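For reference, model39.txt (compact mmCIF, C-alpha atoms):
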```
# COMPACT_ATOMS: atom_id res chain seq x y z
CA MET A 7 -34.17 8.64 -18.98
CA GLU A 8 -30.46 9.33 -18.98
CA GLU A 9 -28.82 7.52 -21.88
CA ARG A 10 -25.13 8.39 -21.46
CA PRO A 11 -22.76 5.37 -21.28
CA PHE A 12 -21.53 4.35 -17.82
CA SER A 13 -17.95 5.52 -18.04
CA ASP A 14 -15.49 7.87 -16.36
CA ILE A 15 -15.84 10.35 -19.23
CA PHE A 16 -19.55 10.79 -18.61
CA TYR A 17 -19.13 10.66 -14.83
CA LYS A 18 -16.82 13.68 -15.22
CA GLN A 19 -19.21 15.34 -17.65
CA PHE A 20 -21.92 15.10 -14.96
CA LEU A 21 -19.51 16.59 -12.41
CA ASN A 22 -19.08 19.56 -14.79
CA GLU A 23 -22.87 19.93 -14.57
CA GLU A 24 -22.64 19.76 -10.74
CA LYS A 25 -24.33 16.39 -10.62
CA LEU A 26 -22.92 13.46 -8.66
CA MET A 27 -24.08 10.46 -10.66
CA GLY A 28 -23.59 6.77 -9.99
CA SER A 29 -24.89 3.62 -11.61
CA LYS A 30 -27.44 1.27 -10.10
CA CYS A 31 -28.01 -2.34 -11.04
CA LYS A 32 -31.63 -2.79 -12.08
CA LYS A 33 -31.47 -6.47 -11.14
CA CYS A 34 -29.99 -6.50 -7.63
CA GLY A 35 -30.00 -2.82 -6.71
CA SER A 36 -26.23 -2.49 -6.10
CA LEU A 37 -24.94 1.05 -6.39
CA PHE A 38 -21.59 2.10 -7.88
CA LEU A 39 -19.76 5.39 -7.68
CA PRO A 40 -17.93 6.17 -9.95
CA PRO A 41 -20.37 4.27 -12.20
CA ARG A 42 -19.69 0.78 -13.49
CA PRO A 43 -21.25 -0.60 -16.69
CA ILE A 44 -21.36 -4.13 -15.21
CA CYS A 45 -22.61 -5.02 -11.74
CA ILE A 46 -19.80 -6.65 -9.74
CA LYS A 47 -22.33 -8.37 -7.44
CA CYS A 48 -24.59 -10.14 -9.98
CA TYR A 49 -22.76 -9.39 -13.29
CA SER A 50 -25.85 -7.85 -14.83
CA LEU A 51 -25.45 -5.33 -17.67
CA ASP A 52 -28.79 -3.74 -16.92
CA MET A 53 -27.78 -0.51 -15.22
CA GLU A 54 -29.32 2.92 -14.77
CA TRP A 55 -27.94 6.33 -13.81
CA VAL A 56 -28.92 7.64 -10.39
CA GLU A 57 -28.15 11.02 -8.88
CA MET A 58 -26.67 11.10 -5.37
CA LYS A 59 -27.93 13.61 -2.86
CA GLY A 60 -24.37 14.60 -2.04
CA THR A 61 -24.50 14.23 1.72
CA GLY A 62 -22.47 11.77 3.71
CA LYS A 63 -19.86 11.26 6.38
CA LEU A 64 -16.09 11.01 6.49
CA ILE A 65 -14.80 7.42 6.68
CA ALA A 66 -11.03 7.88 6.31
CA PHE A 67 -8.67 10.68 5.41
CA THR A 68 -5.08 11.76 4.97
CA CYS A 69 -3.42 15.16 4.85
CA ILE A 70 -0.92 15.23 2.02
CA ALA A 71 2.23 17.35 2.35
CA ILE A 72 4.12 15.94 -0.63
CA GLY A 73 1.58 15.93 -3.45
CA PRO A 74 1.68 15.00 -7.13
CA PRO A 75 2.72 17.70 -9.66
CA PHE A 76 -0.84 18.86 -10.47
CA MET A 77 -1.56 19.54 -6.79
CA ILE A 78 1.78 21.33 -6.36
CA ALA A 79 0.71 23.45 -9.36
CA GLU A 80 -2.40 24.41 -7.37
CA GLY A 81 -0.13 25.75 -4.62
CA TYR A 82 -0.08 22.84 -2.17
CA ASP A 83 3.22 21.99 -0.47
CA ARG A 84 4.73 20.98 2.89
CA LYS A 85 3.53 24.17 4.53
CA HIS A 86 0.15 24.01 2.78
CA PRO A 87 -1.00 20.38 2.84
CA TYR A 88 -4.40 19.32 1.53
CA CYS A 89 -6.89 16.82 2.84
CA SER A 90 -8.09 13.85 0.82
CA GLY A 91 -10.60 11.35 2.11
CA VAL A 92 -13.16 8.63 1.61
CA VAL A 93 -16.78 9.69 2.11
CA GLU A 94 -19.68 7.33 2.69
CA LEU A 95 -22.77 8.81 1.09
CA GLU A 96 -26.25 8.61 2.54
CA GLU A 97 -27.07 6.16 -0.28
CA GLY A 98 -24.43 3.78 1.14
CA VAL A 99 -21.67 4.03 -1.50
CA ARG A 100 -18.18 5.32 -0.80
CA VAL A 101 -16.24 7.75 -2.92
CA ASP A 102 -12.83 9.40 -2.63
CA ALA A 103 -12.71 13.17 -2.79
CA ARG A 104 -10.90 16.25 -1.61
CA ILE A 105 -12.02 17.41 1.81
CA GLU A 106 -12.30 21.19 2.13
CA GLY A 107 -13.21 23.43 5.04
CA VAL A 108 -10.94 21.56 7.46
CA ASN A 109 -7.42 22.44 8.61
CA PRO A 110 -4.97 20.01 6.99
CA ASN A 111 -2.23 21.35 9.26
CA LYS A 112 -4.16 19.89 12.21
CA PRO A 113 -5.19 16.39 11.13
CA GLU A 114 -5.82 15.47 14.77
CA ASP A 115 -8.82 17.87 14.68
CA ILE A 116 -10.40 16.20 11.64
CA LYS A 117 -12.84 13.54 12.80
CA VAL A 118 -13.91 10.35 11.11
CA GLY A 119 -17.70 10.34 11.07
CA MET A 120 -18.09 14.09 10.56
CA PRO A 121 -21.05 14.99 8.29
CA LEU A 122 -20.13 16.41 4.87
CA ASN A 123 -21.76 17.99 1.83
CA ALA A 124 -20.60 17.64 -1.77
CA LYS A 125 -19.04 20.60 -3.51
CA PHE A 126 -17.88 20.91 -7.11
CA LEU A 127 -14.49 22.49 -7.79
CA HIS A 128 -14.32 23.85 -11.32
CA ARG A 129 -10.94 24.34 -12.96
CA ALA A 130 -10.44 26.16 -16.26
CA GLU A 131 -13.44 27.01 -18.47
CA LYS A 132 -15.51 26.09 -21.50
CA GLU A 133 -14.19 23.02 -23.33
CA MET A 134 -11.19 22.87 -20.94
CA LEU A 135 -13.50 22.74 -17.92
CA ARG A 136 -12.59 20.06 -15.40
CA THR A 137 -14.47 19.53 -12.19
CA PHE A 138 -13.18 17.84 -9.06
CA LEU A 139 -15.42 16.35 -6.43
CA ALA A 140 -14.91 17.76 -2.95
CA PHE A 141 -16.77 17.63 0.32
CA GLU A 142 -16.97 20.10 3.17
CA PRO A 143 -18.51 20.08 6.64
CA PHE A 144 -21.89 21.77 7.01
CA MET B 8 8.42 2.57 13.40
CA ASN B 9 9.30 -1.00 14.33
CA VAL B 10 8.73 -2.14 10.74
CA THR B 11 11.01 0.60 9.43
CA ILE B 12 13.78 -0.11 11.94
CA LYS B 13 13.63 -3.84 11.18
CA SER B 14 13.67 -3.35 7.39
CA HIS B 15 16.63 -0.97 7.58
CA ASN B 16 18.53 -3.44 9.78
CA ASN B 17 18.03 -6.12 7.10
CA ALA B 18 18.95 -3.80 4.22
CA ARG B 19 22.20 -2.94 5.99
CA LEU B 20 23.25 -6.53 5.28
CA ASN B 21 22.10 -6.45 1.65
CA PRO B 22 24.75 -5.03 -0.72
CA LYS B 23 22.10 -4.70 -3.46
CA ALA B 24 19.77 -2.55 -1.35
CA GLN B 25 19.08 1.06 -2.35
CA PHE B 26 19.44 2.15 1.29
CA PRO B 27 21.91 -0.29 2.87
CA LEU B 28 21.90 1.61 6.16
CA SER B 29 20.25 1.08 9.53
CA ILE B 30 18.20 3.92 11.03
CA ARG B 31 20.98 4.26 13.61
CA ASP B 32 23.55 4.66 10.78
CA ILE B 33 21.41 7.40 9.22
CA MET B 34 20.91 9.08 12.60
CA ASN B 35 24.63 9.01 13.42
CA GLY B 36 25.39 10.30 9.92
CA ARG B 37 23.12 13.31 10.49
CA ILE B 38 24.81 14.01 13.85
CA GLU B 39 28.30 13.77 12.31
CA SER B 40 27.34 16.02 9.43
CA ALA B 41 25.91 18.65 11.82
CA LYS B 42 29.14 18.55 13.85
CA LYS B 43 31.29 18.98 10.72
CA LYS B 44 29.26 21.91 9.46
CA GLY B 45 29.31 23.54 12.90
CA LYS B 46 25.51 23.45 13.07
CA PRO B 47 23.56 22.70 16.27
CA VAL B 48 23.97 18.98 16.96
CA PRO B 49 20.61 17.18 17.26
CA GLU B 50 20.22 15.13 20.43
CA TRP B 51 18.38 11.96 19.52
CA GLU B 52 18.36 9.27 22.18
CA ASP B 53 17.67 6.34 19.88
CA GLU B 54 16.09 5.32 16.56
CA LYS B 55 12.54 5.94 17.78
CA ASP B 56 13.48 9.38 19.03
CA PHE B 57 14.99 10.11 15.60
CA LEU B 58 11.87 8.86 13.78
CA SER B 59 9.63 10.94 16.08
CA ASP B 60 11.43 14.16 15.14
CA PRO B 61 9.55 15.89 12.28
CA ARG B 62 12.82 17.56 11.16
CA ALA B 63 14.37 14.15 10.61
CA ASN B 64 11.21 12.34 9.54
CA PRO B 65 8.73 14.82 8.01
CA VAL B 66 5.12 14.05 7.13
CA VAL B 67 4.45 12.90 3.55
CA ALA B 68 0.76 12.01 3.87
CA TRP B 69 -0.38 12.13 7.48
CA PRO B 70 -0.03 9.88 9.43
CA MET B 71 2.63 8.48 7.08
CA HIS B 72 6.08 10.00 7.46
CA LEU B 73 9.10 9.87 5.15
CA TYR B 74 10.52 6.68 6.70
CA ASP B 75 7.17 4.91 6.33
CA CYS B 76 7.22 5.27 2.55
CA CYS B 77 9.17 3.26 0.03
CA PRO B 78 11.04 5.04 -2.75
CA ILE B 79 10.30 4.67 -6.46
CA SER B 80 13.52 3.11 -7.71
CA ASP B 81 15.31 2.16 -10.89
CA GLY B 82 16.14 -1.50 -11.02
CA ALA B 83 15.90 -4.73 -12.94
CA SER B 84 15.40 -8.36 -12.08
CA CYS B 85 14.98 -11.61 -13.95
CA MET B 86 14.44 -15.27 -13.33
CA LEU B 87 14.51 -18.44 -15.34
CA LEU B 88 11.27 -20.37 -15.09
CA VAL B 89 11.17 -23.78 -16.78
CA GLY B 90 9.15 -26.98 -16.59
CA GLU B 91 10.04 -29.38 -13.78
CA GLU B 92 11.13 -32.11 -16.21
CA ILE B 93 13.88 -29.99 -17.80
CA ALA B 94 14.93 -27.96 -14.74
CA ARG B 95 17.97 -30.14 -14.13
CA ASN B 96 19.32 -29.27 -17.57
CA PHE B 97 19.99 -25.80 -16.15
CA THR B 98 20.97 -26.39 -12.52
CA ASP B 99 21.62 -29.18 -10.05
CA ASP B 100 19.70 -27.30 -7.42
CA PRO B 101 16.35 -26.07 -8.77
CA LEU B 102 13.66 -24.54 -6.61
CA TYR B 103 10.05 -25.51 -7.13
CA VAL B 104 6.98 -23.27 -7.35
CA ILE B 105 4.55 -25.22 -5.19
CA GLY B 106 1.80 -22.66 -4.78
CA ILE B 107 0.71 -19.56 -6.60
CA GLY B 108 -2.36 -17.43 -6.13
CA GLN B 109 -3.78 -14.29 -7.62
CA GLY B 110 -6.56 -12.16 -6.22
CA SER B 111 -8.49 -9.07 -7.20
CA GLY B 112 -10.13 -6.48 -5.03
CA ARG B 113 -11.96 -3.20 -5.27
CA GLY B 114 -10.40 0.24 -5.27
CA LEU B 115 -9.52 1.45 -1.78
CA HIS B 116 -12.43 3.89 -1.71
CA ALA B 117 -14.94 1.08 -2.38
CA CYS B 118 -13.65 -1.34 0.27
CA ASP B 119 -16.08 -2.11 3.05
CA ASP B 120 -13.18 -2.21 5.53
CA LEU B 121 -9.82 -0.45 5.26
CA THR B 122 -8.00 -2.75 7.67
CA TYR B 123 -7.47 -5.63 5.23
CA PHE B 124 -6.81 -6.23 1.54
CA GLU B 125 -9.34 -8.65 0.06
CA ALA B 126 -7.00 -9.32 -2.91
CA THR B 127 -4.24 -10.50 -0.53
CA ARG B 128 -6.63 -12.84 1.26
CA TYR B 129 -7.86 -14.39 -2.03
CA ALA B 130 -4.33 -14.82 -3.39
CA ALA B 131 -3.04 -16.36 -0.17
CA GLN B 132 -5.92 -18.84 0.06
CA GLU B 133 -5.39 -19.92 -3.54
CA ALA B 134 -1.67 -20.52 -2.98
CA TYR B 135 -2.21 -22.35 0.32
CA ASP B 136 -4.85 -24.58 -1.31
CA MET B 137 -2.56 -25.39 -4.25
CA SER B 138 0.41 -26.24 -2.04
CA ASN B 139 -1.55 -27.87 0.79
CA LEU B 140 0.31 -25.64 3.19
CA LYS B 141 -0.79 -23.45 6.06
CA PRO B 142 0.52 -19.98 6.95
CA GLU B 143 2.64 -21.51 9.74
CA ASP B 144 4.45 -23.69 7.16
CA ILE B 145 5.87 -20.62 5.41
CA GLN B 146 9.27 -20.17 7.06
CA PHE B 147 9.90 -16.65 5.77
CA SER B 148 8.37 -14.23 3.31
CA GLU B 149 8.88 -11.07 1.32
CA VAL B 150 5.76 -8.90 1.51
CA HIS B 151 4.75 -5.74 -0.35
CA ASP B 152 5.68 -3.04 2.18
CA CYS B 153 5.00 -0.02 -0.05
CA PHE B 154 4.21 1.70 3.26
CA SER B 155 5.09 0.43 6.72
CA MET B 156 1.44 -0.08 7.66
CA ALA B 157 0.89 -2.16 4.50
CA GLU B 158 3.46 -4.68 5.78
CA ILE B 159 1.52 -5.12 9.02
CA ILE B 160 -1.83 -5.50 7.22
CA HIS B 161 -0.39 -8.09 4.82
CA LEU B 162 1.16 -10.11 7.67
CA GLU B 163 -2.37 -10.50 9.00
CA ASP B 164 -4.03 -11.11 5.60
CA LEU B 165 -1.48 -13.82 4.76
CA GLY B 166 -2.46 -15.56 8.01
CA PHE B 167 0.97 -15.19 9.65
CA PHE B 168 -0.57 -13.35 12.58
CA LYS B 169 -4.12 -12.76 13.78
CA ALA B 170 -6.02 -9.72 12.51
CA GLY B 171 -5.16 -6.74 14.68
CA GLU B 172 -2.05 -8.39 16.12
CA GLY B 173 0.50 -7.84 13.33
CA TYR B 174 1.91 -4.78 15.03
CA LYS B 175 2.53 -6.72 18.25
CA ALA B 176 4.39 -9.43 16.34
CA VAL B 177 6.67 -6.82 14.79
CA GLU B 178 7.14 -5.08 18.15
CA GLU B 179 8.11 -8.38 19.77
CA GLY B 180 10.72 -8.99 17.06
CA LEU B 181 8.98 -12.05 15.58
CA THR B 182 9.59 -10.76 12.03
CA ARG B 183 13.26 -9.94 12.52
CA LEU B 184 15.98 -11.77 10.63
CA ASP B 185 16.66 -13.90 13.72
CA GLY B 186 12.97 -14.23 14.66
CA PRO B 187 10.67 -17.18 14.05
CA LYS B 188 9.07 -15.59 10.93
CA PRO B 189 11.60 -13.36 9.15
CA ILE B 190 9.87 -10.82 6.89
CA ASN B 191 11.50 -8.79 4.13
CA THR B 192 15.02 -10.03 4.74
CA SER B 193 16.08 -8.05 1.64
CA GLY B 194 15.08 -4.80 3.36
CA GLY B 195 11.74 -4.86 1.56
CA LEU B 196 10.44 -2.25 -0.83
CA LYS B 197 11.23 0.37 1.79
CA CYS B 198 15.00 -0.18 1.80
CA LYS B 199 15.90 -2.65 -0.93
CA GLY B 200 13.95 -0.35 -3.27
CA HIS B 201 10.76 -0.44 -5.32
CA PRO B 202 11.54 -0.58 -9.06
CA VAL B 203 7.82 -1.06 -9.62
CA GLY B 204 7.82 -3.41 -12.64
CA ALA B 205 10.85 -5.34 -11.35
CA THR B 206 9.69 -5.57 -7.73
CA GLY B 207 7.83 -8.89 -7.90
CA VAL B 208 10.69 -10.83 -9.44
CA SER B 209 13.19 -9.13 -7.14
CA GLN B 210 11.17 -10.43 -4.19
CA LEU B 211 11.39 -13.96 -5.60
CA TYR B 212 15.12 -13.41 -6.14
CA GLU B 213 15.44 -12.80 -2.39
CA VAL B 214 13.48 -15.96 -1.60
CA TRP B 215 15.70 -17.88 -4.07
CA THR B 216 18.86 -16.44 -2.49
CA GLN B 217 17.75 -17.38 1.02
CA LEU B 218 16.57 -20.90 0.08
CA ARG B 219 19.89 -21.61 -1.61
CA GLY B 220 21.79 -20.35 1.41
CA ASN B 221 23.49 -17.59 -0.60
CA ALA B 222 22.31 -14.62 1.43
CA GLY B 223 25.65 -14.04 3.18
CA LYS B 224 25.40 -11.86 6.26
CA ARG B 225 21.62 -11.72 6.05
CA GLN B 226 21.18 -15.48 5.74
CA ILE B 227 18.19 -16.56 7.86
CA PRO B 228 19.55 -18.62 10.78
CA ILE B 229 16.82 -21.28 10.55
CA LYS B 230 18.06 -24.83 10.12
CA ASP B 231 16.51 -26.71 7.21
CA LEU B 232 15.23 -23.64 5.37
CA ARG B 233 12.91 -25.15 2.77
CA ILE B 234 9.84 -23.00 2.18
CA GLY B 235 9.67 -19.29 1.46
CA ALA B 236 7.11 -17.02 -0.15
CA ALA B 237 6.73 -13.68 -1.87
CA HIS B 238 3.66 -11.48 -1.78
CA ASN B 239 3.21 -8.65 -4.27
CA LEU B 240 0.50 -6.09 -4.81
CA GLY B 241 -0.59 -3.78 -7.59
CA GLY B 242 -2.43 -0.48 -7.61
CA THR B 243 -4.02 0.44 -4.30
CA GLY B 244 -4.49 -3.19 -3.44
CA GLY B 245 -6.66 -4.03 -6.45
CA THR B 246 -4.55 -6.99 -7.51
CA CYS B 247 -2.25 -9.30 -5.61
CA THR B 248 -0.07 -12.37 -6.09
CA PHE B 249 1.33 -14.82 -3.57
CA THR B 250 3.98 -17.35 -4.62
CA ILE B 251 5.38 -20.17 -2.52
CA LEU B 252 8.79 -21.67 -3.38
CA GLU B 253 10.27 -24.91 -2.08
CA ARG B 254 13.76 -26.34 -2.02
CA ARG B 255 13.66 -30.15 -2.18
```

Spit out the file's structure as structure tokens when you get a sec.
Amino acid sequence: MEERPFSDIFYKQFLNEEKLMGSKCKKCGSLFLPPRPICIKCYSLDMEWVEMKGTGKLIAFTCIAIGPPFMIAEGYDRKHPYCSGVVELEEGVRVDARIEGVNPNKPEDIKVGMPLNAKFLHRAEKEMLRTFLAFEPF
Amino acid sequence: MNVTIKSHNNARLNPKAQFPLSIRDIMNGRIESAKKKGKPVPEWEDEKDFLSDPRANPVVAWPMHLYDCCPISDGASCMLLVGEEIARNFTDDPLYVIGIGQGSGRGLHACDDLTYFEATRYAAQEAYDMSNLKPEDIQFSEVHDCFSMAEIIHLEDLGFFKAGEGYKAVEEGLTRLDGPKPINTSGGLKCKGHPVGATGVSQLYEVWTQLRGNAGKRQIPIKDLRIGAAHNLGGTGGTCTFTILERR
């Protein structure tokens, strides 16, 4: 049984381990990603960690040309936009993530509904390690 | 595009707006500047032609372009809020808060539908219930147009127009200053500016100015202007307020 608290810190720790983990209400079965410690459907505190398979489909997206400083630092700009989207997982929950393996210069070619697989983007190493959730077509 | 053109037309008449210029003013300014510098003069037919040109209106986050996005501004606003029984100690002409609502919603990624804001719908219902008013009773409103499409979605969520028909209303000019339901007469967040923490009160300041008949050139030409409202939003739609003011 996974005993880590249901918080963003541990959600990110799981991402570092290449696990996409959400929380599930033991009372009503509602699923939350990122995890919530309290069920917003039935207000139960009885939650458990569940691992997502990492497959889903694209629900909405945007291609960002003017990004925040940390994305500019990664080399994205007007000529090199990046794609960000909402993915509905097979388990039914939705999560926002970077969308890779598509051409952000041609948003008209990116299709809502396209099947996607999770991918973990590691930045820095050791105790500085940060992992971002991304998806790409398969 | 229609939202942007309308908001800029209103801001042109608002001396306190961050961008007190119509899209046509901006377009003509660009043409003049090109002529002066001896550069090739762009040939835009009208405002929509200008807004369709990626050199004039580049993408920020597709499909949102520069003129769809509000700025992040510096600004301040304040208001004096007192109990009804002592209001006349301060002014002979107080306005009354007759309805106020607050709603919460989920993060955008967790919404079951991206074409409405549940927080706006909750807040609006609460304020309508408190004031015993219906959307058609609100004569004009400021709404949180952080992006042009947000204005259209909120017009529908507040019940001013049917879901899916907000864009038509804007296209037909119903939300213009001289239309039946003027929206964002200040120029909105897009043109009046968006000093985030001061935005909500600045919206109510606009409603106050209009209800008192002090809006000058941008005064709404509706006789017996009595009821106005302001709708504000926080985060990506996670929290919302709707406030209805009345002049008695």

For chain A against chain B, which residues fall within 7 Å using all atoms listed in the file, given as a ChimeraX atom specification? /A:68-72,92,100-102

Since we have the selection now, will you write its residues out, keeping C-alpha atoms, as a compact mmCIF listing (two decimals), in the frame of the given file?
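See part.txt below for the written result:
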```txt
# COMPACT_ATOMS: atom_id res chain seq x y z
CA THR A 68 -5.08 11.76 4.97
CA CYS A 69 -3.42 15.16 4.85
CA ILE A 70 -0.92 15.23 2.02
CA ALA A 71 2.23 17.35 2.35
CA ILE A 72 4.12 15.94 -0.63
CA VAL A 92 -13.16 8.63 1.61
CA ARG A 100 -18.18 5.32 -0.80
CA VAL A 101 -16.24 7.75 -2.92
CA ASP A 102 -12.83 9.40 -2.63
```

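Atom pair atom CA of B:Glu143 / atom CA of B:Pro228 has a distance of 17.2 Å (rounded to one decimal).
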
Skipping near chain neighbours, those fewer than 6 positions away, what residues fall within 6 Å of A:Lys63 using all atoms listed in the file, listed as a ChimeraX atom specification? /A:93-94,119-122

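Computed from the coordinates, the atom CA of B:Cys247 to atom CA of B:Ile229 distance equals 27.7 Å.
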
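One finds atom CA of B:Ile160 at 20.5 Å from atom CA of B:Val214.
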
With all atoms listed in the file as the counted atoms, please give the residues lying no more than 9 Å from B:Gly204, apart from itself and same-chain residues fewer than 4 positions off, as a PyMOL selection string. chain B and resi 82-83+208

Neighbour residues at most 12 Å from (17.8, -4.2, -3.3) (all atoms listed in the file) as an mmCIF file with C-alpha atoms, in the coordinates of the input:
```cif
data_model
loop_
_atom_site.group_PDB
_atom_site.id
_atom_site.type_symbol
_atom_site.label_atom_id
_atom_site.label_comp_id
_atom_site.auth_asym_id
_atom_site.auth_seq_id
_atom_site.Cartn_x
_atom_site.Cartn_y
_atom_site.Cartn_z
ATOM 1 C CA SER B 14 13.670 -3.350 7.390
ATOM 2 C CA HIS B 15 16.630 -0.970 7.580
ATOM 3 C CA ASN B 17 18.030 -6.120 7.100
ATOM 4 C CA ALA B 18 18.950 -3.800 4.220
ATOM 5 C CA ARG B 19 22.200 -2.940 5.990
ATOM 6 C CA LEU B 20 23.250 -6.530 5.280
ATOM 7 C CA ASN B 21 22.100 -6.450 1.650
ATOM 8 C CA PRO B 22 24.750 -5.030 -0.720
ATOM 9 C CA LYS B 23 22.100 -4.700 -3.460
ATOM 10 C CA ALA B 24 19.770 -2.550 -1.350
ATOM 11 C CA GLN B 25 19.080 1.060 -2.350
ATOM 12 C CA PHE B 26 19.440 2.150 1.290
ATOM 13 C CA PRO B 27 21.910 -0.290 2.870
ATOM 14 C CA LEU B 28 21.900 1.610 6.160
ATOM 15 C CA CYS B 77 9.170 3.260 0.030
ATOM 16 C CA PRO B 78 11.040 5.040 -2.750
ATOM 17 C CA SER B 80 13.520 3.110 -7.710
ATOM 18 C CA ASP B 81 15.310 2.160 -10.890
ATOM 19 C CA GLY B 82 16.140 -1.500 -11.020
ATOM 20 C CA ALA B 83 15.900 -4.730 -12.940
ATOM 21 C CA SER B 84 15.400 -8.360 -12.080
ATOM 22 C CA ASN B 191 11.500 -8.790 4.130
ATOM 23 C CA THR B 192 15.020 -10.030 4.740
ATOM 24 C CA SER B 193 16.080 -8.050 1.640
ATOM 25 C CA GLY B 194 15.080 -4.800 3.360
ATOM 26 C CA GLY B 195 11.740 -4.860 1.560
ATOM 27 C CA LEU B 196 10.440 -2.250 -0.830
ATOM 28 C CA LYS B 197 11.230 0.370 1.790
ATOM 29 C CA CYS B 198 15.000 -0.180 1.800
ATOM 30 C CA LYS B 199 15.900 -2.650 -0.930
ATOM 31 C CA GLY B 200 13.950 -0.350 -3.270
ATOM 32 C CA HIS B 201 10.760 -0.440 -5.320
ATOM 33 C CA PRO B 202 11.540 -0.580 -9.060
ATOM 34 C CA ALA B 205 10.850 -5.340 -11.350
ATOM 35 C CA THR B 206 9.690 -5.570 -7.730
ATOM 36 C CA GLY B 207 7.830 -8.890 -7.900
ATOM 37 C CA VAL B 208 10.690 -10.830 -9.440
ATOM 38 C CA SER B 209 13.190 -9.130 -7.140
ATOM 39 C CA GLN B 210 11.170 -10.430 -4.190
ATOM 40 C CA LEU B 211 11.390 -13.960 -5.600
ATOM 41 C CA TYR B 212 15.120 -13.410 -6.140
ATOM 42 C CA GLU B 213 15.440 -12.800 -2.390
#
```

Of B:Met86, B:Ile159, B:Ala131, B:Val48, the one sitting nearest B:Gly171 when using all atoms listed in the file is B:Ile159

Determine, counting only C-alpha atoms, which protein, DNA and RNA residues have an atom within 8 Å of an atom of A:Phe67; residues of the same chain fewer than 2 positions away are not included. Present the result as number ranges by chain. A: 64-65, 69, 89-92, 118

Could you save the residues just selected, with C-alpha atoms, as a JSON list (two decimals), in the coordinates of the input?
```
[["chain", "number", "residue", "atom", "x", "y", "z"],
["A", 64, "LEU", "CA", -16.09, 11.01, 6.49],
["A", 65, "ILE", "CA", -14.80, 7.42, 6.68],
["A", 69, "CYS", "CA", -3.42, 15.16, 4.85],
["A", 89, "CYS", "CA", -6.89, 16.82, 2.84],
["A", 90, "SER", "CA", -8.09, 13.85, 0.82],
["A", 91, "GLY", "CA", -10.60, 11.35, 2.11],
["A", 92, "VAL", "CA", -13.16, 8.63, 1.61],
["A", 118, "VAL", "CA", -13.91, 10.35, 11.11]]
```

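Shortest separation to A:Gly62 among A:Tyr17, A:Phe144, A:Tyr49, A:Phe12 occurs at residue A:Phe144, atoms counted being all atoms listed in the file.
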